[in-house]
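Colleague: Here you go, model-v8.tsv (TSV, C-alpha atoms):
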```tsv
chain	number	residue	atom	x	y	z
H	1	MET	CA	0.00	0.00	0.00
H	2	SER	CA	1.34	3.43	-0.94
H	3	ILE	CA	-0.25	6.70	0.06
H	4	VAL	CA	0.58	10.39	-0.04
H	5	LEU	CA	0.35	12.42	3.16
H	6	HIS	CA	0.60	16.22	3.26
H	7	TRP	CA	1.38	18.34	6.29
H	8	ASN	CA	-2.29	19.06	6.87
H	9	ASP	CA	-2.95	15.29	6.88
H	10	TRP	CA	-0.30	14.73	9.55
H	11	LEU	CA	-1.77	17.62	11.51
H	12	ALA	CA	-5.30	16.20	11.18
H	13	MET	CA	-4.06	12.81	12.42
H	14	PHE	CA	-2.28	14.47	15.35
H	15	GLY	CA	-5.47	16.35	16.26
H	16	HIS	CA	-7.57	13.20	15.97
H	17	PHE	CA	-5.29	11.29	18.33
H	18	MET	CA	-5.29	14.21	20.79
H	19	ILE	CA	-9.10	14.02	20.95
H	20	LEU	CA	-9.02	10.23	21.36
H	21	SER	CA	-6.52	10.70	24.18
H	22	LEU	CA	-9.06	12.74	26.15
H	23	LEU	CA	-11.75	10.11	25.50
H	24	SER	CA	-9.60	7.12	26.46
H	25	VAL	CA	-11.00	6.49	29.94
H	26	GLY	CA	-10.18	2.87	30.74
H	27	GLY	CA	-7.08	2.78	28.55
H	28	ALA	CA	-6.11	3.61	24.99
H	29	ILE	CA	-7.40	0.26	23.75
H	30	THR	CA	-10.98	1.48	24.34
H	31	THR	CA	-10.49	3.93	21.46
H	32	ALA	CA	-9.19	1.28	19.03
H	33	PRO	CA	-12.57	0.92	17.28
H	34	ASP	CA	-12.56	4.63	16.47
H	35	MET	CA	-8.96	4.45	15.23
H	36	HIS	CA	-10.06	1.68	12.88
H	37	ARG	CA	-12.96	3.82	11.66
H	38	TYR	CA	-10.64	6.79	11.05
H	39	LEU	CA	-7.43	5.22	9.71
H	40	VAL	CA	-8.76	2.16	7.84
H	41	ASP	CA	-12.34	2.88	6.76
H	42	GLY	CA	-12.24	6.68	6.53
H	43	GLU	CA	-8.84	7.85	5.30
H	44	HIS	CA	-7.51	4.53	3.89
H	45	TRP	CA	-4.07	5.22	5.38
H	46	LEU	CA	-3.79	1.74	6.90
H	47	THR	CA	-4.90	-1.74	5.76
H	48	ASP	CA	-7.02	-4.02	7.91
H	49	THR	CA	-4.11	-6.46	8.19
H	50	GLN	CA	-1.76	-3.72	9.35
H	51	PHE	CA	-4.31	-2.57	11.91
H	52	ASN	CA	-4.74	-6.07	13.38
H	53	ALA	CA	-0.99	-6.73	13.33
H	54	SER	CA	-0.36	-3.49	15.23
H	55	VAL	CA	-2.68	-4.57	18.05
H	56	ALA	CA	-1.41	-8.17	18.10
H	57	ILE	CA	2.31	-7.29	18.17
H	58	ALA	CA	1.85	-4.74	20.94
H	59	GLN	CA	-0.10	-7.30	22.99
H	60	ALA	CA	2.66	-9.86	22.59
H	61	ALA	CA	5.48	-7.40	23.30
H	62	PRO	CA	6.52	-6.36	26.80
H	63	GLY	CA	5.47	-2.91	27.94
H	64	PRO	CA	2.24	-0.91	28.07
H	65	ASN	CA	-0.42	-1.92	25.55
H	66	VAL	CA	-0.66	1.71	24.36
H	67	LEU	CA	2.35	0.96	22.16
H	68	PHE	CA	-0.09	-0.44	19.59
H	69	VAL	CA	-0.69	3.23	18.73
H	70	ALA	CA	3.01	3.64	17.90
H	71	LEU	CA	2.79	0.69	15.50
H	72	MET	CA	-0.20	2.25	13.74
H	73	GLY	CA	1.84	5.42	13.30
H	74	LEU	CA	4.75	3.34	12.05
H	75	HIS	CA	2.64	1.58	9.44
H	76	VAL	CA	0.96	4.80	8.26
H	77	GLY	CA	4.41	6.36	7.90
H	78	LEU	CA	5.81	3.32	6.08
H	79	ASN	CA	2.87	3.46	3.67
H	80	ALA	CA	3.54	7.16	3.06
H	81	GLY	CA	7.28	6.88	2.52
H	82	GLY	CA	10.05	4.89	4.17
H	83	PRO	CA	11.53	4.10	7.58
H	84	LEU	CA	12.07	7.77	8.43
H	85	THR	CA	8.46	8.70	7.71
H	86	GLY	CA	7.60	5.62	9.76
H	87	LEU	CA	9.47	7.00	12.77
H	88	PHE	CA	7.78	10.36	12.22
H	89	GLY	CA	4.42	8.56	12.29
H	90	VAL	CA	5.40	6.93	15.62
H	91	PHE	CA	6.25	10.36	17.01
H	92	ILE	CA	3.00	11.99	15.84
H	93	THR	CA	0.65	9.27	17.03
H	94	MET	CA	2.36	8.67	20.40
H	95	LEU	CA	2.58	12.38	21.20
H	96	GLY	CA	-1.06	12.82	20.20
H	97	ILE	CA	-2.36	9.90	22.28
H	98	LEU	CA	-0.26	10.73	25.35
H	99	LEU	CA	0.10	14.50	25.66
H	100	PRO	CA	-3.48	15.46	26.61
H	101	SER	CA	-4.15	12.53	28.96
H	102	THR	CA	-0.81	12.69	30.78
H	103	THR	CA	-1.09	16.47	31.23
H	104	LEU	CA	-4.57	16.08	32.66
H	105	THR	CA	-3.53	13.19	34.92
H	106	TYR	CA	-0.49	15.11	36.13
H	107	LEU	CA	-2.58	18.15	37.06
H	108	ALA	CA	-5.27	16.04	38.72
H	109	ALA	CA	-2.73	13.93	40.63
H	110	SER	CA	-0.76	16.90	41.92
H	111	TRP	CA	-3.94	18.70	42.95
H	112	GLY	CA	-5.17	15.54	44.65
H	113	HIS	CA	-1.84	15.04	46.41
H	114	ARG	CA	-1.79	18.63	47.74
H	115	ASN	CA	-5.39	18.28	48.94
H	116	ARG	CA	-5.16	14.66	50.09
H	117	ASP	CA	-6.65	15.42	53.50
H	118	LEU	CA	-9.82	16.96	52.07
H	119	ARG	CA	-12.87	14.84	52.83
H	120	GLY	CA	-13.94	14.90	49.17
H	121	VAL	CA	-10.57	13.66	47.92
H	122	ARG	CA	-10.43	10.86	50.48
H	123	ALA	CA	-14.03	9.89	49.74
H	124	PHE	CA	-13.30	9.74	46.03
H	125	LYS	CA	-10.10	7.67	46.31
H	126	GLN	CA	-11.42	5.27	48.94
H	127	GLY	CA	-14.90	5.11	47.48
H	128	MET	CA	-13.60	3.99	44.10
H	129	THR	CA	-11.40	1.18	45.47
H	130	PRO	CA	-13.99	-1.65	45.52
H	131	ILE	CA	-14.99	-0.73	41.98
H	132	VAL	CA	-11.52	-0.55	40.45
H	133	ILE	CA	-10.54	-3.81	42.15
H	134	ALA	CA	-13.57	-5.56	40.65
H	135	LEU	CA	-12.72	-3.95	37.32
H	136	LEU	CA	-9.37	-5.78	37.32
H	137	VAL	CA	-11.01	-9.15	37.90
H	138	ALA	CA	-13.54	-8.31	35.19
H	139	THR	CA	-10.75	-7.39	32.75
H	140	GLY	CA	-9.09	-10.74	33.38
H	141	TRP	CA	-12.43	-12.44	32.75
H	142	ILE	CA	-12.98	-10.58	29.45
H	143	LEU	CA	-9.46	-11.28	28.20
H	144	ALA	CA	-9.82	-14.94	29.11
H	145	SER	CA	-13.20	-15.33	27.44
H	146	ALA	CA	-11.80	-13.89	24.19
H	147	ASN	CA	-9.63	-17.05	24.06
H	148	VAL	CA	-12.47	-19.41	24.90
H	149	THR	CA	-15.06	-19.87	22.18
H	150	GLY	CA	-16.41	-23.30	23.10
H	151	LEU	CA	-16.06	-26.39	25.27
H	152	LYS	CA	-13.07	-27.54	23.24
H	153	ASP	CA	-11.10	-24.60	24.63
H	154	TRP	CA	-11.16	-25.89	28.23
H	155	PRO	CA	-7.35	-26.16	28.44
H	156	VAL	CA	-6.99	-22.41	27.80
H	157	ALA	CA	-9.57	-21.59	30.45
H	158	LEU	CA	-7.86	-23.96	32.88
H	159	LEU	CA	-4.48	-22.30	32.23
H	160	THR	CA	-5.96	-18.87	33.04
H	161	VAL	CA	-7.58	-20.12	36.27
H	162	VAL	CA	-4.44	-21.94	37.43
H	163	THR	CA	-2.33	-18.86	36.66
H	164	ALA	CA	-4.67	-16.64	38.65
H	165	LEU	CA	-4.52	-19.01	41.65
H	166	ILE	CA	-0.71	-19.29	41.53
H	167	VAL	CA	-0.20	-15.52	41.30
H	168	TRP	CA	-2.77	-14.86	44.01
H	169	ARG	CA	-1.35	-17.40	46.46
H	170	THR	CA	2.38	-17.67	45.75
H	171	ARG	CA	5.30	-15.36	44.97
H	172	LEU	CA	6.49	-17.28	41.90
H	173	HIS	CA	8.08	-14.93	39.37
H	174	LEU	CA	5.59	-13.85	36.72
H	175	LEU	CA	8.01	-14.52	33.86
H	176	TRP	CA	8.04	-18.26	34.68
H	177	LEU	CA	4.29	-18.35	34.19
H	178	LEU	CA	4.44	-16.45	30.91
H	179	GLY	CA	7.22	-18.76	29.73
H	180	ALA	CA	5.16	-21.81	30.67
H	181	GLY	CA	2.15	-20.39	28.81
H	182	ALA	CA	4.25	-19.73	25.71
H	183	LEU	CA	5.72	-23.26	25.83
H	184	LEU	CA	2.33	-24.94	26.24
H	185	GLY	CA	1.02	-22.90	23.32
H	186	TRP	CA	4.09	-23.59	21.16
H	187	LEU	CA	3.68	-27.35	21.72
H	188	GLY	CA	0.03	-27.06	20.72
H	189	TRP	CA	-1.32	-28.34	24.06
H	190	ILE	CA	-3.72	-25.46	24.48
B	191	MET	CA	-12.68	6.05	61.57
B	192	ASN	CA	-9.86	4.59	59.61
B	193	PRO	CA	-6.33	5.91	59.78
B	194	SER	CA	-5.38	7.99	56.80
B	195	PRO	CA	-3.14	6.04	54.44
B	196	ASP	CA	-0.88	9.05	54.09
B	197	LEU	CA	1.91	8.81	56.61
B	198	SER	CA	3.63	11.64	58.43
B	199	PRO	CA	7.05	12.74	57.09
B	200	ASP	CA	8.84	10.76	59.84
B	201	GLU	CA	7.13	7.51	58.98
B	202	LYS	CA	7.61	8.13	55.30
B	203	SER	CA	11.37	8.57	55.54
B	204	ALA	CA	11.60	5.23	57.35
B	205	ARG	CA	10.10	3.45	54.34
B	206	PRO	CA	11.94	2.39	51.22
B	207	GLN	CA	11.62	4.81	48.34
B	208	PRO	CA	13.31	5.54	45.01
B	209	GLN	CA	16.79	7.00	45.55
B	210	SER	CA	17.06	9.17	42.45
B	211	LEU	CA	15.57	9.96	39.07
B	212	THR	CA	17.85	7.32	37.57
B	213	ASP	CA	16.52	4.77	40.06
B	214	LEU	CA	12.95	5.66	38.98
B	215	PHE	CA	13.81	5.44	35.28
B	216	VAL	CA	15.61	2.10	35.60
B	217	SER	CA	12.95	0.62	37.91
B	218	PHE	CA	10.13	1.51	35.54
B	219	THR	CA	12.07	0.31	32.49
B	220	LEU	CA	12.60	-3.07	34.16
B	221	LEU	CA	8.94	-3.22	35.21
B	222	ALA	CA	7.75	-2.46	31.71
B	223	LEU	CA	10.05	-5.04	30.11
B	224	GLN	CA	8.64	-7.79	32.34
B	225	GLY	CA	5.06	-6.88	31.48
B	226	PHE	CA	3.90	-9.12	28.66
B	227	GLY	CA	0.21	-8.64	27.98
B	228	GLY	CA	-0.10	-5.81	30.50
B	229	VAL	CA	2.22	-4.20	33.02
B	230	LEU	CA	-0.14	-3.73	35.95
B	231	ALA	CA	0.46	-7.13	37.54
B	232	VAL	CA	4.21	-6.45	37.52
B	233	VAL	CA	3.82	-2.92	38.90
B	234	GLN	CA	1.80	-4.24	41.84
B	235	ARG	CA	4.18	-7.14	42.49
B	236	GLU	CA	7.38	-5.08	42.27
B	237	LEU	CA	6.41	-1.76	43.88
B	238	VAL	CA	4.13	-3.08	46.63
B	239	GLU	CA	5.46	-6.56	47.42
B	240	LYS	CA	9.17	-6.33	46.60
B	241	LYS	CA	10.39	-2.71	46.73
B	242	ARG	CA	7.67	-1.70	49.23
B	243	TRP	CA	7.58	1.87	47.94
B	244	MET	CA	3.86	1.92	48.69
B	245	THR	CA	1.32	-0.08	50.69
B	246	ARG	CA	-1.45	-2.11	49.09
B	247	GLU	CA	-3.99	0.51	50.22
B	248	GLU	CA	-1.99	3.41	48.74
B	249	PHE	CA	-1.56	1.48	45.51
B	250	VAL	CA	-5.29	0.88	45.10
B	251	GLU	CA	-6.08	4.54	45.75
B	252	GLU	CA	-3.54	5.70	43.16
B	253	TRP	CA	-4.87	3.06	40.79
B	254	ALA	CA	-8.40	4.45	41.24
B	255	VAL	CA	-7.21	7.86	40.01
B	256	ALA	CA	-5.13	6.35	37.17
B	257	GLN	CA	-8.20	4.41	36.06
B	258	ILE	CA	-10.62	7.34	36.14
B	259	MET	CA	-8.35	9.72	34.21
B	260	PRO	CA	-8.17	9.31	30.44
B	261	GLY	CA	-5.08	7.67	29.00
B	262	PRO	CA	-3.30	4.34	29.45
B	263	ASN	CA	-3.67	3.32	33.10
B	264	VAL	CA	-0.12	2.05	33.66
B	265	VAL	CA	1.29	5.18	32.02
B	266	ASN	CA	-0.87	7.27	34.36
B	267	ILE	CA	0.16	5.37	37.47
B	268	SER	CA	3.89	5.55	36.63
B	269	LEU	CA	3.54	9.30	36.20
B	270	MET	CA	1.72	9.61	39.53
B	271	ILE	CA	4.23	7.49	41.44
B	272	GLY	CA	7.14	9.45	39.96
B	273	HIS	CA	5.42	12.69	40.93
B	274	ARG	CA	4.93	11.53	44.53
B	275	TYR	CA	8.66	11.34	45.12
B	276	PHE	CA	10.33	13.90	42.83
B	277	GLY	CA	7.58	16.17	41.45
B	278	LEU	CA	7.53	16.91	37.73
B	279	PRO	CA	11.06	15.54	37.03
B	280	GLY	CA	10.05	12.31	38.79
B	281	ALA	CA	6.90	12.04	36.71
B	282	MET	CA	8.91	12.51	33.51
B	283	ALA	CA	11.57	9.98	34.57
B	284	ALA	CA	8.98	7.30	35.41
B	285	LEU	CA	7.08	7.99	32.19
B	286	ALA	CA	10.26	7.83	30.09
B	287	GLY	CA	11.21	4.57	31.82
B	288	MET	CA	7.82	3.04	31.09
B	289	LEU	CA	7.90	3.98	27.38
B	290	THR	CA	11.39	4.44	25.89
B	291	VAL	CA	12.94	0.96	25.86
B	292	PRO	CA	9.60	-0.88	25.37
B	293	LEU	CA	8.91	1.37	22.36
B	294	ALA	CA	12.25	0.40	20.81
B	295	VAL	CA	11.51	-3.29	21.52
B	296	VAL	CA	8.04	-3.17	19.96
B	297	LEU	CA	9.37	-1.44	16.82
B	298	LEU	CA	12.02	-4.16	16.44
B	299	LEU	CA	9.38	-6.84	16.96
B	300	ALA	CA	7.23	-5.28	14.25
B	301	LEU	CA	10.18	-5.64	11.86
B	302	VAL	CA	10.67	-9.37	12.55
B	303	TYR	CA	6.95	-10.16	12.99
B	304	ALA	CA	6.28	-10.37	9.25
B	305	GLN	CA	8.68	-13.34	8.91
B	306	PHE	CA	7.18	-15.44	11.70
B	307	ALA	CA	3.51	-14.46	11.82
B	308	GLY	CA	2.39	-17.56	9.93
B	309	HIS	CA	4.34	-20.06	12.07
B	310	PRO	CA	1.86	-22.25	14.02
B	311	GLY	CA	4.20	-22.44	17.02
B	312	VAL	CA	4.35	-18.64	17.29
B	313	ALA	CA	0.58	-18.33	17.04
B	314	GLY	CA	0.20	-21.01	19.76
B	315	ALA	CA	2.76	-19.34	22.02
B	316	LEU	CA	0.93	-16.02	21.74
B	317	ARG	CA	-2.32	-17.78	22.64
B	318	GLY	CA	-0.70	-19.37	25.70
B	319	MET	CA	0.79	-16.07	26.84
B	320	GLY	CA	-2.58	-14.39	26.35
B	321	ALA	CA	-4.24	-16.93	28.64
B	322	VAL	CA	-1.55	-16.41	31.30
B	323	ALA	CA	-1.82	-12.61	31.00
B	324	ALA	CA	-5.58	-12.82	31.66
B	325	GLY	CA	-4.87	-14.83	34.81
B	326	LEU	CA	-2.24	-12.31	35.98
B	327	ILE	CA	-4.67	-9.41	35.78
B	328	ALA	CA	-7.47	-11.26	37.54
B	329	ALA	CA	-5.04	-12.34	40.29
B	330	THR	CA	-3.91	-8.74	40.82
B	331	GLY	CA	-7.52	-7.83	41.50
B	332	LEU	CA	-7.94	-10.78	43.88
B	333	LYS	CA	-4.80	-9.78	45.81
B	334	LEU	CA	-5.85	-6.16	46.17
B	335	MET	CA	-9.16	-7.28	47.70
B	336	GLY	CA	-7.28	-7.54	51.00
B	337	ALA	CA	-7.16	-3.74	50.98
B	338	LEU	CA	-10.96	-3.68	51.40
B	339	LYS	CA	-10.72	-5.06	54.96
B	340	THR	CA	-9.85	-1.60	56.30
B	341	HIS	CA	-12.33	0.23	54.05
B	342	PRO	CA	-14.61	2.76	55.82
B	343	LEU	CA	-17.74	1.23	54.24
B	344	GLY	CA	-17.10	-2.19	55.76
B	345	LEU	CA	-16.61	-5.46	53.94
B	346	PRO	CA	-20.25	-6.36	53.07
B	347	ILE	CA	-20.97	-3.09	51.24
B	348	CYS	CA	-17.57	-3.22	49.48
B	349	ILE	CA	-18.21	-6.76	48.28
B	350	THR	CA	-21.69	-5.80	47.04
B	351	LEU	CA	-20.24	-2.90	45.02
B	352	ALA	CA	-17.46	-5.11	43.66
B	353	VAL	CA	-19.86	-7.86	42.60
B	354	LEU	CA	-22.17	-5.35	40.88
B	355	CYS	CA	-19.19	-3.90	39.01
B	356	PHE	CA	-17.99	-7.36	37.94
B	357	VAL	CA	-21.47	-8.35	36.72
B	358	GLY	CA	-21.91	-5.07	34.82
B	359	ILE	CA	-18.54	-5.18	33.06
B	360	ALA	CA	-17.71	-8.88	32.66
B	361	LEU	CA	-21.14	-10.47	32.25
B	362	LEU	CA	-23.49	-7.76	30.93
B	363	ARG	CA	-20.66	-5.98	29.01
B	364	LEU	CA	-22.01	-2.52	29.84
B	365	PRO	CA	-19.91	0.44	28.68
B	366	LEU	CA	-17.19	1.28	31.21
B	367	VAL	CA	-18.25	4.92	31.49
B	368	TYR	CA	-21.74	4.06	32.74
B	369	VAL	CA	-20.48	1.56	35.30
B	370	LEU	CA	-17.79	3.92	36.61
B	371	LEU	CA	-20.22	6.86	36.80
B	372	GLY	CA	-23.18	4.90	38.18
B	373	LEU	CA	-21.46	2.77	40.81
B	374	GLY	CA	-18.76	5.40	41.39
B	375	VAL	CA	-21.20	8.10	42.44
B	376	VAL	CA	-22.94	5.69	44.85
B	377	ALA	CA	-19.65	4.42	46.32
B	378	CYS	CA	-18.07	7.86	46.73
B	379	THR	CA	-21.21	9.35	48.26
B	380	LEU	CA	-21.52	6.50	50.78
B	381	THR	CA	-17.81	6.83	51.65
B	382	TRP	CA	-18.14	10.61	51.95
B	383	ARG	CA	-20.91	10.18	54.53
B	384	LYS	CA	-18.85	7.64	56.49
B	385	LEU	CA	-15.88	10.01	56.60
B	386	ARG	CA	-18.04	12.69	58.29
B	387	PRO	CA	-15.65	14.46	60.65
```
Before we go any further, please render this structure as structure tokens.
Modeller:
Amino acid sequence: MSIVLHWNDWLAMFGHFMILSLLSVGGAITTAPDMHRYLVDGEHWLTDTQFNASVAIAQAAPGPNVLFVALMGLHVGLNAGGPLTGLFGVFITMLGILLPSTTLTYLAASWGHRNRDLRGVRAFKQGMTPIVIALLVATGWILASANVTGLKDWPVALLTVVTALIVWRTRLHLLWLLGAGALLGWLGWI
Amino acid sequence: MNPSPDLSPDEKSARPQPQSLTDLFVSFTLLALQGFGGVLAVVQRELVEKKRWMTREEFVEEWAVAQIMPGPNVVNISLMIGHRYFGLPGAMAALAGMLTVPLAVVLLLALVYAQFAGHPGVAGALRGMGAVAAGLIAATGLKLMGALKTHPLGLPICITLAVLCFVGIALLRLPLVYVLLGLGVVACTLTWRKLRP
């Protein structure tokens, strides 16, 4: 795929990612459907395959999942030119997706830290704890059920449950578990 | 009335904390590089259980803010932890640690991915790691539940709120914003009344 991007296109993409950044409550991945709508269906700057590969590689790689945005920028840039435009795409998309949300979080966190004894601040932080804890368990559940499409997938479900129990109850290093999961998958046992 | 999780300066200096901006940068780089399929489980394990920079209760409260604000949650929490110790430079150091090296790694992976994407072993390994990553995240939630024992609302109300949240998100698949707003307003209001001075 080969495309032509002008400065106003780069600027429009930067602006679009800045808006998505402000909407990304619950993580950048929650805005992925809109990125697909914009980059793949709307502007045709990215193919479907490149979009899916960006998400899959970032999931498999170490580090925050938001890096899938960098890979989208990379692919748009590669389509528009070469490796250097690719790196420019990484810069534009990452800055766009991070600048607004991190600025806002920084301001909110420093205000909250200065006013940490206010009743409202304590009520907010403590009040939200049962909900955000349950949200983590729910996220694990959703991720696990994406792997399980029927009864035949019981080994995958079992692996997730056993992992959760081991991490909850023991101090075994997390990399051992990931390695074991990769090995079981490589051998085709799950 | 519960004790405030924020300690006095004396108590704070007695606890382990990052020594320098370099320490923050290196610590967060190492955290991020261990986080396959999500960094949160590693952040909790390393900062709360191993380095003991923060208690379980403090971690959950910071996590609540990181979750509510827009943006990637682990990026938000690294920024907030860095800010706690060294202000704006700390926030930048933690953020840079979380992103710089992992970004280089993911770009390299994207270059080699094309060659191996079709290999059945690679596809299987990714599937296995995905299943483990789901378990890691769920276990992090289960571990943090201990922090609810000292919650001002008491355990029964906390568990009710947690179960409602789980049902809404995991089973009914309601949009996150509605669940956070709906249950959040109830939970914060109830807590606010309990904290009456």
Colleague: Would you mind telling me which residue in B:Trp382, B:Gln207, B:Ala294, B:Gly225 lies nearest to Val322 (chain B) when using only C-alpha atoms?
Modeller: B:Gly225
Colleague: Please tell me which residues are no farther than 9 Å from (8.1, 7.7, 32.1) in the file, counting all atoms listed in the file, and write them as a PyMOL selection string.
Modeller: chain B and resi 214-215+218-219+265+268-269+272+280-290
Colleague: Got a sec: who's within 10 Å of Ala146 (chain H), counting all atoms listed in the file, leaving out chain neighbours fewer than 5 positions off, as number ranges by chain?
Modeller: H: 141; B: 320-321, 324
Colleague: I'd like the contact shell of Ile166 (chain H) - 12 Å cut-off, all atoms listed in the file, skipping same-chain residues fewer than 6 positions apart - returned as a list of chain:residue names.
Modeller: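 Once the adjacent positions are removed, what remains is H:Leu159, H:Thr160, H:Leu172, H:His173, H:Leu174, H:Trp176, H:Leu177, B:Val322, B:Gly325, B:Leu326, B:Ala328, B:Ala329, B:Thr330, B:Leu332, B:Lys333.
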Colleague: Between B:Leu373, B:Tyr303, B:Val238, B:Ile267, single out the one closest to Ile359 (chain B), counting all atoms listed in the file.
Modeller: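 Of all the options, B:Leu373 lies closest to Ile359 (chain B).
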Colleague: Quote the spacing between CA of Leu136 (chain H) and CA of Leu334 (chain B) in Å to one decimal place.
Modeller: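 Between CA of Leu136 (chain H) and CA of Leu334 (chain B) the gap is 9.5 Å.
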Colleague: In Å, how far is it from CA of Met35 (chain H) to CA of Ala134 (chain H)?
Modeller: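 Calculated distance between CA of Met35 (chain H) and CA of Ala134 (chain H) is 27.7 Å.
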Colleague: What is the CA of Phe91 (chain H)-CA of Trp10 (chain H) distance in Å, reported with one decimal?
Modeller: 10.8 Å
Colleague: Which residue gives the smallest distance to chain B among H:Leu118, H:Ala80, H:Leu143, H:Leu95, with only C-alpha atoms counted?
Modeller: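 Nearest to chain B: H:Leu143.
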Colleague: Using all atoms listed in the file, can you tell me which of B:Leu370, B:Ala315, B:Val216, B:Leu297 comes closest to chain H?
Modeller: B:Ala315
Colleague: Smallest atom-to-atom distance to chain H: which of B:Leu298, B:Leu380, B:Leu371, B:Ala222, using all atoms listed in the file?
Modeller: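 Looking only at the distances to chain H, the closest residue turns out to be B:Ala222.
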Colleague: So, with only C-alpha atoms as the atoms that count, which of B:Ala300, B:Asn263, B:Gly318, B:Gln305 lies closest to Leu158 (chain H)?
Modeller: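 Ranked by minimum distance to Leu158 (chain H), first place goes to B:Gly318.
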